[in-house]
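A short worksheet on the structure shown next.
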Amino acid sequence: MIQDLMISKLIVKNYFEKFENYLDVDVAIVGGGPSGLVAGHYLAKDGFKVALFETKLSPGGGMWGGGMMFNEIVLQKNTIDILKDFEVDLKDEKDYYVVDSVQMTSSLIYKSSRAGLKIFNLIRVVDVVLKDDSVCGIVINWNPVEYMSLHVDPITVISKKVLDATGHPAELTSILVKKANIKLYTPSGKIEGEKPMNADLGEKETVENTKEVFKNFYVCGMAANGVFGGFRMGPIFGGMLLSGYKAYKILKEDLRKG
Ligand code: 48H
């Protein structure tokens with residue numbers, strides 16, 4: 001006979017074991033779009049302790065919907081190594097690959113989770129922990145609490161590094177700039193703001209702009225372009241994967257330096 005009480009106990013026990021273990025991590029990734037998932041996948045695969053917090057029910061960000069809800073993803077050929085790691089079916093279209101967006105997105109989630117990335121959905125990151133002019137954690141709350149503006153205090157996750165992968169709004173960097181009187185490592189010291197559409201420049205800039213933007217605080221994907229003033233690129237996703245991969249490489253090196 002199935003025991004109702006046991007089902008509840010197993011959910012609660014396993015969730016809280018996982019949650020408690022991931023309150024102190026090497027990297028806290030904020031946002032589960034393509035760039036954050038790719039960064040998390042490779043970091044976890046290398047043995048780092050990484051938690052990804054996604055405010056929505058489903059991670060995947062802007063990848064599910066392809067372009068204008070046509071659920072196909074276009075990627076440049078230089079993403080082949082990453083695409084192979086995620087084992088997706090590629091349609092070869094001369095200079096590009098095309099992948100079904102549902103397969104691509106679910107593979108990013110599945111493979112990163114299998115690699116050891118701990119994904120916490122329905123949790124919104126609402127602040128950073130700042131000590132001695134250095135970011136050393138994030139502040140989290142349940143999405144519905146934030147959504148309904150309930151007066152419930154959040155809790156803290158301690159992390160050696162924080163990666164803002166929140167997409168176009170660069171939400172966490174905005175919070176950091178608004179609340180702490182600090183200068184970012186951008187030309188103006190502030191958020192430069194995303195530029196209009198230019199797929200070619202936008203794709204290059206996404207990778208270039210993936211870097212540390214404040215002590216222990218990094219940006220990738222569209223957040224990187226928003227923060228450093230890059231162009232948007234529309235529905236092409238190579239730059240997002242390559243940005244996530246670059247974030248992984250930088251974070252790995254910086255974590256090893258200590
Ligand atoms: C927890 C949060 C919070 C928060 C946001 O937008 P994304 O898909 O991000 P990227 O940068 O990996 O990919 C961008 C791509 O999807 C895109 O929009 C492109 C290529 N646009 C080009 C163009 O020209 O329009 O994912 C970000 C994720 C989302 O799932 C959010 O729900 C989540 O971050 N998020 N999670 N706490 N405070 N803010």
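Order determines the names: the first chain of the structure tokens is A, the second B, and so forth; residues in each chain are numbered 1 upward, and ligands are numbered 1 upward as they are shown.
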What are the closest atom pairs, with distances in Å to one decimal, for each residue of chain A lying within 8 Å of ligand 1, using only C-alpha atoms and all ligand atoms, rows by chain and rising residue number, as a Markdown table?
```
| residue | atom | partner | partner_atom_place_in_ligand_line | distance |
| --- | --- | --- | --- | --- |
| A:Val30 | CA | ligand 1 | 1 (C) | 5.2 |
| A:Gly31 | CA | ligand 1 | 34 (O) | 3.1 |
| A:Gly32 | CA | ligand 1 | 28 (C) | 4.7 |
| A:Gly33 | CA | ligand 1 | 26 (O) | 3.3 |
| A:Pro34 | CA | ligand 1 | 12 (O) | 4.1 |
| A:Ser35 | CA | ligand 1 | 12 (O) | 3.7 |
| A:Gly36 | CA | ligand 1 | 12 (O) | 5.5 |
| A:Leu37 | CA | ligand 1 | 12 (O) | 7.5 |
| A:Phe53 | CA | ligand 1 | 1 (C) | 5.2 |
| A:Glu54 | CA | ligand 1 | 36 (N) | 3.8 |
| A:Thr55 | CA | ligand 1 | 1 (C) | 4.0 |
| A:Lys56 | CA | ligand 1 | 32 (O) | 5.1 |
| A:Ser58 | CA | ligand 1 | 30 (O) | 7.5 |
| A:Pro59 | CA | ligand 1 | 30 (O) | 5.4 |
| A:Gly60 | CA | ligand 1 | 30 (O) | 5.6 |
| A:Gly61 | CA | ligand 1 | 30 (O) | 3.3 |
| A:Gly62 | CA | ligand 1 | 16 (O) | 3.4 |
| A:Met63 | CA | ligand 1 | 16 (O) | 5.1 |
| A:Leu122 | CA | ligand 1 | 1 (C) | 7.9 |
| A:Ile123 | CA | ligand 1 | 1 (C) | 6.1 |
| A:Arg124 | CA | ligand 1 | 37 (N) | 3.8 |
| A:Val125 | CA | ligand 1 | 37 (N) | 3.9 |
| A:Val126 | CA | ligand 1 | 38 (N) | 5.6 |
| A:Ile140 | CA | ligand 1 | 37 (N) | 7.9 |
| A:Ala165 | CA | ligand 1 | 11 (O) | 5.6 |
| A:Thr166 | CA | ligand 1 | 34 (O) | 3.7 |
| A:Gly167 | CA | ligand 1 | 9 (O) | 3.5 |
| A:His168 | CA | ligand 1 | 6 (O) | 5.9 |
| A:Pro169 | CA | ligand 1 | 5 (C) | 7.4 |
| A:Ala170 | CA | ligand 1 | 39 (N) | 7.4 |
| A:Glu171 | CA | ligand 1 | 39 (N) | 5.6 |
| A:Leu172 | CA | ligand 1 | 38 (N) | 6.1 |
| A:Pro196 | CA | ligand 1 | 24 (O) | 7.9 |
| A:Met197 | CA | ligand 1 | 24 (O) | 6.2 |
| A:Ala199 | CA | ligand 1 | 24 (O) | 7.9 |
| A:Cys220 | CA | ligand 1 | 11 (O) | 6.4 |
| A:Gly221 | CA | ligand 1 | 11 (O) | 3.5 |
| A:Met222 | CA | ligand 1 | 11 (O) | 3.8 |
| A:Ala223 | CA | ligand 1 | 11 (O) | 5.7 |
| A:Ala224 | CA | ligand 1 | 11 (O) | 7.7 |
| A:Phe231 | CA | ligand 1 | 24 (O) | 7.9 |
| A:Arg232 | CA | ligand 1 | 24 (O) | 4.2 |
| A:Met233 | CA | ligand 1 | 24 (O) | 4.3 |
| A:Gly234 | CA | ligand 1 | 24 (O) | 3.3 |
| A:Pro235 | CA | ligand 1 | 20 (C) | 5.5 |
| A:Ile236 | CA | ligand 1 | 20 (C) | 6.0 |
| A:Phe237 | CA | ligand 1 | 20 (C) | 5.5 |
| A:Gly239 | CA | ligand 1 | 20 (C) | 7.7 |
| A:Met240 | CA | ligand 1 | 13 (O) | 5.7 |
| A:Leu241 | CA | ligand 1 | 12 (O) | 7.9 |
| A:Gly244 | CA | ligand 1 | 12 (O) | 7.7 |
```
### Task
Compile the contact shell of Tyr185 (chain A) as a PyMOL selection string: residues with an atom at most 8 Å away, counting only C-alpha atoms, same-chain residues fewer than 4 positions apart removed.
chain A and resi 189+212-214
Using C-alpha atoms, can you export the residues from the last selection as a PDB file, in the first residue's frame?
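Listed below is the output, result.pdb:
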```
ATOM      1  CA  GLY A 189      31.256  52.527 -13.762  1.00  0.00           C
ATOM      2  CA  GLU A 212      33.987  39.916 -13.855  1.00  0.00           C
ATOM      3  CA  VAL A 213      32.176  43.220 -13.427  1.00  0.00           C
ATOM      4  CA  PHE A 214      32.764  43.681  -9.692  1.00  0.00           C
TER       5      PHE A 214
END
```
Practice item. If you run DSSP over the backbone, which residues in region 129-200 of chain A end up strand (DSSP E or B)? Put them as a list in words. Key: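 DSSP on the backbone gives strand (DSSP E or B) at Val129, Leu130, Lys131, Ser134, Val135, Cys136, Gly137, Ile138, Val139, Ile140, Asn141, Trp142, Ile155, Thr156, Val157, Ile158, Ser159, Lys160, Lys161, Val162, Leu163, Asp164, Lys195, Pro196 and Met197 of chain A.
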Inset, instruction - Could you pull out the residues in region 38-202 of chain A that DSSP calls alpha helix (DSSP H) from the backbone, as an NGL selection string? - result: :A and (38-45 or 80-85 or 101-115 or 143-147 or 171-179 or 199-202)
Go ahead and save the picked residues with N, CA and C atoms, as a compact mmCIF listing (two decimals), in the first residue's frame.
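Written out: out.txt:
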```txt
# COMPACT_ATOMS: atom_id res chain seq x y z
N VAL A 38 24.76 26.56 -19.36
CA VAL A 38 26.03 26.06 -19.93
C VAL A 38 27.17 26.28 -18.93
N ALA A 39 27.23 27.47 -18.33
CA ALA A 39 28.28 27.73 -17.33
C ALA A 39 28.18 26.72 -16.19
N GLY A 40 26.96 26.51 -15.70
CA GLY A 40 26.75 25.58 -14.58
C GLY A 40 27.10 24.16 -14.93
N HIS A 41 26.79 23.75 -16.14
CA HIS A 41 27.08 22.39 -16.59
C HIS A 41 28.57 22.08 -16.50
N TYR A 42 29.39 22.97 -17.09
CA TYR A 42 30.83 22.68 -17.14
C TYR A 42 31.49 22.84 -15.77
N LEU A 43 31.04 23.81 -14.98
CA LEU A 43 31.61 23.98 -13.64
C LEU A 43 31.30 22.75 -12.78
N ALA A 44 30.06 22.30 -12.83
CA ALA A 44 29.67 21.14 -12.03
C ALA A 44 30.43 19.90 -12.49
N LYS A 45 30.58 19.78 -13.80
CA LYS A 45 31.30 18.63 -14.36
C LYS A 45 32.75 18.58 -13.86
N ILE A 80 30.00 23.79 -32.20
CA ILE A 80 29.85 22.34 -32.38
C ILE A 80 30.29 21.52 -31.16
N ASP A 81 31.40 21.95 -30.51
CA ASP A 81 31.87 21.15 -29.36
C ASP A 81 30.84 21.15 -28.23
N ILE A 82 30.24 22.31 -28.00
CA ILE A 82 29.23 22.40 -26.93
C ILE A 82 28.00 21.60 -27.34
N LEU A 83 27.59 21.74 -28.60
CA LEU A 83 26.40 21.01 -29.07
C LEU A 83 26.60 19.49 -28.95
N LYS A 84 27.82 19.06 -29.22
CA LYS A 84 28.12 17.62 -29.08
C LYS A 84 27.97 17.19 -27.63
N ASP A 85 28.48 18.03 -26.71
CA ASP A 85 28.38 17.68 -25.29
C ASP A 85 26.92 17.54 -24.85
N SER A 101 13.98 23.65 -30.55
CA SER A 101 14.25 24.42 -29.32
C SER A 101 13.84 23.66 -28.06
N VAL A 102 12.83 22.83 -28.15
CA VAL A 102 12.41 22.06 -26.96
C VAL A 102 13.48 21.03 -26.62
N GLN A 103 14.05 20.38 -27.67
CA GLN A 103 15.11 19.42 -27.42
C GLN A 103 16.36 20.11 -26.87
N MET A 104 16.70 21.26 -27.46
CA MET A 104 17.90 21.99 -27.03
C MET A 104 17.77 22.42 -25.56
N THR A 105 16.63 23.00 -25.23
CA THR A 105 16.45 23.54 -23.88
C THR A 105 16.40 22.41 -22.86
N SER A 106 15.65 21.37 -23.18
CA SER A 106 15.54 20.29 -22.20
C SER A 106 16.87 19.57 -22.03
N SER A 107 17.66 19.50 -23.09
CA SER A 107 18.97 18.88 -22.97
C SER A 107 19.89 19.71 -22.08
N LEU A 108 19.85 21.04 -22.22
CA LEU A 108 20.67 21.90 -21.34
C LEU A 108 20.32 21.65 -19.88
N ILE A 109 19.03 21.55 -19.61
CA ILE A 109 18.59 21.35 -18.22
C ILE A 109 18.99 19.95 -17.74
N TYR A 110 18.69 18.95 -18.55
CA TYR A 110 18.93 17.55 -18.16
C TYR A 110 20.42 17.27 -17.97
N LYS A 111 21.22 17.66 -18.98
CA LYS A 111 22.64 17.31 -18.92
C LYS A 111 23.36 18.09 -17.82
N SER A 112 22.94 19.34 -17.58
CA SER A 112 23.62 20.10 -16.52
C SER A 112 23.25 19.50 -15.16
N SER A 113 22.00 19.09 -15.03
CA SER A 113 21.58 18.46 -13.78
C SER A 113 22.34 17.14 -13.58
N ARG A 114 22.49 16.35 -14.64
CA ARG A 114 23.24 15.09 -14.54
C ARG A 114 24.72 15.34 -14.22
N ALA A 115 25.22 16.50 -14.68
CA ALA A 115 26.64 16.82 -14.41
C ALA A 115 26.86 17.24 -12.96
N ASN A 143 9.61 32.73 -5.25
CA ASN A 143 9.01 33.56 -6.29
C ASN A 143 7.61 34.05 -5.89
N PRO A 144 6.72 33.15 -5.41
CA PRO A 144 5.36 33.64 -5.10
C PRO A 144 5.33 34.69 -3.99
N VAL A 145 6.29 34.62 -3.07
CA VAL A 145 6.37 35.63 -2.01
C VAL A 145 6.66 37.00 -2.64
N GLU A 146 7.64 37.00 -3.56
CA GLU A 146 8.01 38.25 -4.22
C GLU A 146 6.89 38.72 -5.14
N TYR A 147 6.31 37.77 -5.86
CA TYR A 147 5.26 38.09 -6.83
C TYR A 147 4.06 38.73 -6.14
N GLU A 171 19.27 41.79 -13.95
CA GLU A 171 18.58 42.20 -12.72
C GLU A 171 19.49 42.29 -11.49
N LEU A 172 20.38 41.33 -11.35
CA LEU A 172 21.19 41.33 -10.13
C LEU A 172 22.23 42.46 -10.15
N THR A 173 22.79 42.70 -11.34
CA THR A 173 23.75 43.81 -11.45
C THR A 173 23.03 45.14 -11.16
N SER A 174 21.80 45.26 -11.63
CA SER A 174 21.03 46.49 -11.38
C SER A 174 20.83 46.68 -9.88
N ILE A 175 20.52 45.58 -9.19
CA ILE A 175 20.32 45.67 -7.74
C ILE A 175 21.63 46.10 -7.06
N LEU A 176 22.73 45.48 -7.50
CA LEU A 176 24.04 45.79 -6.91
C LEU A 176 24.36 47.28 -7.07
N VAL A 177 24.13 47.81 -8.27
CA VAL A 177 24.46 49.20 -8.54
C VAL A 177 23.53 50.14 -7.77
N LYS A 178 22.26 49.77 -7.74
CA LYS A 178 21.26 50.63 -7.10
C LYS A 178 21.47 50.72 -5.58
N LYS A 179 21.81 49.57 -4.99
CA LYS A 179 21.82 49.53 -3.53
C LYS A 179 23.19 49.81 -2.89
N ALA A 199 23.02 41.47 -35.23
CA ALA A 199 23.31 40.06 -34.88
C ALA A 199 24.81 39.78 -34.86
N ASP A 200 25.53 40.32 -35.86
CA ASP A 200 26.95 40.01 -35.98
C ASP A 200 27.72 40.57 -34.78
N LEU A 201 27.55 41.90 -34.55
CA LEU A 201 28.26 42.50 -33.41
C LEU A 201 27.76 41.96 -32.08
N GLY A 202 26.46 41.80 -31.98
CA GLY A 202 25.86 41.32 -30.73
C GLY A 202 26.43 39.99 -30.30
```
With distances taken over only C-alpha atoms, which of A:Lys246, A:Asn121, A:Ser8, A:Gly230 is nearest to Glu205 (chain A)?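 Nearest to Glu205 (chain A): A:Gly230.
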What are the nearest atom pairs, with distances in Å to one decimal, for all residues of region 190-250 of chain A that come at most 8 Å from region 157-161 of chain A, using only C-alpha atoms, set out by chain and rising residue number as JSON lines?
```
{"residue": "A:Asn216", "atom": "CA", "partner": "A:Lys161", "partner_atom": "CA", "distance": 4.9}
{"residue": "A:Phe217", "atom": "CA", "partner": "A:Lys161", "partner_atom": "CA", "distance": 6.0}
{"residue": "A:Tyr218", "atom": "CA", "partner": "A:Lys161", "partner_atom": "CA", "distance": 7.6}
```
Written selection (N, CA, C and O atoms) as a short mmCIF file (atom, residue, chain, number, x, y, z; two decimals), in the first residue's frame:
```
data_model
loop_
_atom_site.label_atom_id
_atom_site.label_comp_id
_atom_site.auth_asym_id
_atom_site.auth_seq_id
_atom_site.Cartn_x
_atom_site.Cartn_y
_atom_site.Cartn_z
N ASN A 216 34.32 39.41 -7.41
CA ASN A 216 33.62 38.12 -7.25
C ASN A 216 32.24 38.06 -7.89
O ASN A 216 31.45 37.16 -7.60
N PHE A 217 31.95 39.00 -8.77
CA PHE A 217 30.63 39.12 -9.39
C PHE A 217 30.80 39.19 -10.91
O PHE A 217 31.47 40.09 -11.42
N TYR A 218 30.20 38.23 -11.62
CA TYR A 218 30.44 38.06 -13.06
C TYR A 218 29.11 38.17 -13.82
O TYR A 218 28.04 37.92 -13.26
#
```
Practice problem: Excluding Val74 (chain A) and any residue of its chain fewer than 3 positions from it, enumerate the residues within 10 Å of it, using only C-alpha atoms, and give them as a list of chain:residue names. | Solution: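 Listed by chain and then number, they are A:Gly66, A:Gly67, A:Lys77, A:Leu90, A:Lys91, A:Glu93, A:Tyr96, A:Tyr97, A:Val98, A:Val99, A:Asp100, A:Ser101, A:Pro235, A:Ile236, A:Phe237, A:Gly238.
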Just write the chosen residues, N, CA and C atoms, as an mmCIF file, in the first residue's frame.
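Final output, selection20.cif:
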```cif
data_model
loop_
_atom_site.group_PDB
_atom_site.id
_atom_site.type_symbol
_atom_site.label_atom_id
_atom_site.label_comp_id
_atom_site.auth_asym_id
_atom_site.auth_seq_id
_atom_site.Cartn_x
_atom_site.Cartn_y
_atom_site.Cartn_z
ATOM 1 N N GLY A 66 12.289 29.702 -29.299
ATOM 2 C CA GLY A 66 12.989 29.939 -30.574
ATOM 3 C C GLY A 66 12.946 31.418 -30.948
ATOM 4 N N GLY A 67 12.486 31.717 -32.162
ATOM 5 C CA GLY A 67 12.291 33.105 -32.584
ATOM 6 C C GLY A 67 10.807 33.314 -32.800
ATOM 7 N N LYS A 77 28.346 27.545 -36.491
ATOM 8 C CA LYS A 77 29.059 26.268 -36.512
ATOM 9 C C LYS A 77 30.151 26.155 -35.440
ATOM 10 N N LEU A 90 21.338 17.718 -34.811
ATOM 11 C CA LEU A 90 21.654 18.936 -35.564
ATOM 12 C C LEU A 90 21.157 18.829 -36.995
ATOM 13 N N LYS A 91 20.519 19.898 -37.483
ATOM 14 C CA LYS A 91 20.237 19.974 -38.911
ATOM 15 C C LYS A 91 21.278 20.918 -39.507
ATOM 16 N N GLU A 93 22.606 23.419 -41.924
ATOM 17 C CA GLU A 93 22.072 24.390 -42.900
ATOM 18 C C GLU A 93 23.198 25.339 -43.305
ATOM 19 N N TYR A 96 25.131 27.329 -40.617
ATOM 20 C CA TYR A 96 24.453 27.236 -39.308
ATOM 21 C C TYR A 96 23.998 25.814 -39.025
ATOM 22 N N TYR A 97 23.762 25.564 -37.745
ATOM 23 C CA TYR A 97 23.015 24.379 -37.331
ATOM 24 C C TYR A 97 21.646 24.848 -36.858
ATOM 25 N N VAL A 98 20.660 24.003 -37.053
ATOM 26 C CA VAL A 98 19.332 24.280 -36.518
ATOM 27 C C VAL A 98 18.960 23.107 -35.614
ATOM 28 N N VAL A 99 18.459 23.444 -34.421
ATOM 29 C CA VAL A 99 18.067 22.423 -33.433
ATOM 30 C C VAL A 99 16.665 22.739 -32.943
ATOM 31 N N ASP A 100 15.869 21.723 -32.746
ATOM 32 C CA ASP A 100 14.542 21.891 -32.163
ATOM 33 C C ASP A 100 14.713 22.561 -30.786
ATOM 34 N N SER A 101 13.983 23.646 -30.548
ATOM 35 C CA SER A 101 14.247 24.416 -29.318
ATOM 36 C C SER A 101 13.840 23.662 -28.056
ATOM 37 N N PRO A 235 17.156 36.166 -32.521
ATOM 38 C CA PRO A 235 17.031 34.742 -32.191
ATOM 39 C C PRO A 235 18.149 33.860 -32.744
ATOM 40 N N ILE A 236 19.383 34.192 -32.371
ATOM 41 C CA ILE A 236 20.507 33.294 -32.669
ATOM 42 C C ILE A 236 21.178 33.009 -31.329
ATOM 43 N N PHE A 237 21.537 31.749 -31.078
ATOM 44 C CA PHE A 237 21.870 31.372 -29.706
ATOM 45 C C PHE A 237 23.315 30.922 -29.492
ATOM 46 N N GLY A 238 24.140 30.966 -30.572
ATOM 47 C CA GLY A 238 25.533 30.549 -30.406
ATOM 48 C C GLY A 238 26.240 31.368 -29.333
#
```
Problem set entry | Residue nearest Asn225 (chain A) - candidates A:Phe120, A:Asp127, A:Gly193, A:Tyr22, atoms counted: only C-alpha atoms |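 For Asn225 (chain A), the nearest of the given residues is A:Gly193.
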Pairwise distance, CA of Asp254 (chain A) with CA of Thr210 (chain A), equals 13.8 Å
